[in-house]
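Working notes for the structure below.
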Amino acid sequence: REVIHRVAAPGDEVKMSAAGSSDPDGDKLSYEWFVYSESGTYRGTVKLNDADKSDVSFTVPADADGKTIHIVLALRDARPPALAAYRRVVLNCKSK
């Protein structure tokens, strides 16, 4: 439930997974990964691959050195009203 902190260098491929997530009632989950740009210090575009799947990946932009990128996962169950849970990853971009 706490914020996850990771470090990656510009050009690195970052992979994240929500595998193991479950709904207490056993409902099917939907996944939405997104960049929370208002919280991070990187102002460029970050393209998330498969942002609607349990696993997501992206390449750290070349100009992100010294910046932070905040990625959020929103998990929602299928039963109305759809309840949501959120998890944040803060990526600190540092050259090797």
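Each chain in the structure tokens gets a letter, A, B, ..., in the order shown, and its residues are numbered from 1; ligands are numbered from 1 in order too.
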
What lies within 9 Å of Asp65 in chain A using only C-alpha atoms, ignoring chain neighbours under 3 positions off, as a PDB file with N, CA, C and O atoms, in the first residue's frame?
ATOM      1  N   ALA A   9      17.893   4.291 -15.346  1.00  0.00           N
ATOM      2  CA  ALA A   9      18.658   5.245 -16.147  1.00  0.00           C
ATOM      3  C   ALA A   9      17.914   5.561 -17.442  1.00  0.00           C
ATOM      4  O   ALA A   9      17.145   4.729 -17.943  1.00  0.00           O
ATOM      5  N   PRO A  10      18.148   6.746 -17.988  1.00  0.00           N
ATOM      6  CA  PRO A  10      17.576   7.049 -19.298  1.00  0.00           C
ATOM      7  C   PRO A  10      17.954   5.957 -20.308  1.00  0.00           C
ATOM      8  O   PRO A  10      19.090   5.485 -20.326  1.00  0.00           O
ATOM      9  N   TYR A  42       9.452  15.223 -14.441  1.00  0.00           N
ATOM     10  CA  TYR A  42       9.680  15.074 -15.883  1.00  0.00           C
ATOM     11  C   TYR A  42       8.442  15.568 -16.619  1.00  0.00           C
ATOM     12  O   TYR A  42       7.321  15.137 -16.343  1.00  0.00           O
ATOM     13  N   VAL A  60      12.601   4.622 -20.371  1.00  0.00           N
ATOM     14  CA  VAL A  60      12.854   5.909 -19.725  1.00  0.00           C
ATOM     15  C   VAL A  60      13.379   6.875 -20.787  1.00  0.00           C
ATOM     16  O   VAL A  60      14.359   6.574 -21.472  1.00  0.00           O
ATOM     17  N   PRO A  61      12.734   8.011 -20.975  1.00  0.00           N
ATOM     18  CA  PRO A  61      13.170   8.961 -21.994  1.00  0.00           C
ATOM     19  C   PRO A  61      14.613   9.428 -21.781  1.00  0.00           C
ATOM     20  O   PRO A  61      15.077   9.558 -20.643  1.00  0.00           O
ATOM     21  N   ALA A  62      15.297   9.688 -22.879  1.00  0.00           N
ATOM     22  CA  ALA A  62      16.710  10.089 -22.838  1.00  0.00           C
ATOM     23  C   ALA A  62      16.920  11.391 -22.075  1.00  0.00           C
ATOM     24  O   ALA A  62      17.975  11.592 -21.478  1.00  0.00           O
ATOM     25  N   THR A  68      11.945  12.857 -11.895  1.00  0.00           N
ATOM     26  CA  THR A  68      11.112  11.765 -11.399  1.00  0.00           C
ATOM     27  C   THR A  68       9.907  11.590 -12.307  1.00  0.00           C
ATOM     28  O   THR A  68       9.372  12.557 -12.856  1.00  0.00           O
ATOM     29  N   ASN A  92      12.909   7.316 -10.025  1.00  0.00           N
ATOM     30  CA  ASN A  92      13.977   8.316  -9.999  1.00  0.00           C
ATOM     31  C   ASN A  92      14.921   7.995 -11.152  1.00  0.00           C
ATOM     32  O   ASN A  92      15.521   6.921 -11.185  1.00  0.00           O
ATOM     33  N   CYS A  93      15.034   8.910 -12.080  1.00  0.00           N
ATOM     34  CA  CYS A  93      15.838   8.698 -13.283  1.00  0.00           C
ATOM     35  C   CYS A  93      17.256   9.218 -13.047  1.00  0.00           C
ATOM     36  O   CYS A  93      17.431  10.426 -12.824  1.00  0.00           O
ATOM     37  N   LYS A  94      18.212   8.314 -13.075  1.00  0.00           N
ATOM     38  CA  LYS A  94      19.613   8.680 -12.824  1.00  0.00           C
ATOM     39  C   LYS A  94      20.502   7.949 -13.800  1.00  0.00           C
ATOM     40  O   LYS A  94      20.383   6.736 -13.975  1.00  0.00           O
ATOM     41  N   SER A  95      21.418   8.674 -14.418  1.00  0.00           N
ATOM     42  CA  SER A  95      22.380   8.050 -15.330  1.00  0.00           C
ATOM     43  C   SER A  95      23.256   7.076 -14.557  1.00  0.00           C
ATOM     44  O   SER A  95      23.537   7.275 -13.378  1.00  0.00           O
TER      45      SER A  95
END

Practice item. Might you pull out every residue within 7 Å of Val3 in chain A, with only C-alpha atoms counted and same-chain residues fewer than 6 positions away left off, and present them as an MDAnalysis selection string? Key: chainID A and resid 87:89

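CA of Leu75 in chain A is positioned 8.5 Å from CA of Ser21 in chain A.
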
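Nearest residue to Asp55 in chain A among A:Asp77, A:Glu38, A:Glu32, A:Asp12 is A:Glu32, counting only C-alpha atoms.
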
Practice item. Identify, with DSSP run on backbone atoms, the residues in chain A assigned to strand (DSSP E), and express the list as a count of residues only. Key: 42

Check your understanding: Leaving out Asp27 in chain A and any residue of its chain fewer than 2 positions from it, which residues lie within 7 Å of it when counting only C-alpha atoms, given as an NGL selection string?
Key -> :A and (23 or 25 or 29 or 77-79)

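The space separating CA of Val46 in chain A from CA of Phe58 in chain A comes to 7.3 Å.
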
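For the pair CA of Arg6 in chain A and CA of Phe34 in chain A, the interatomic distance is 16.3 Å.
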
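Of the residues listed (A:Gly20, A:Gly26, A:Gly40, A:Gly66), A:Gly66 shows the shortest atom-to-atom separation from Val7 in chain A; distances use only C-alpha atoms.
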
**Study point:** Tyr36 in chain A surroundings by only C-alpha atoms, 9 Å radius, close-in-sequence under 5 positions cut, as a ChimeraX atom specification
**Key:** /A:69-72,88
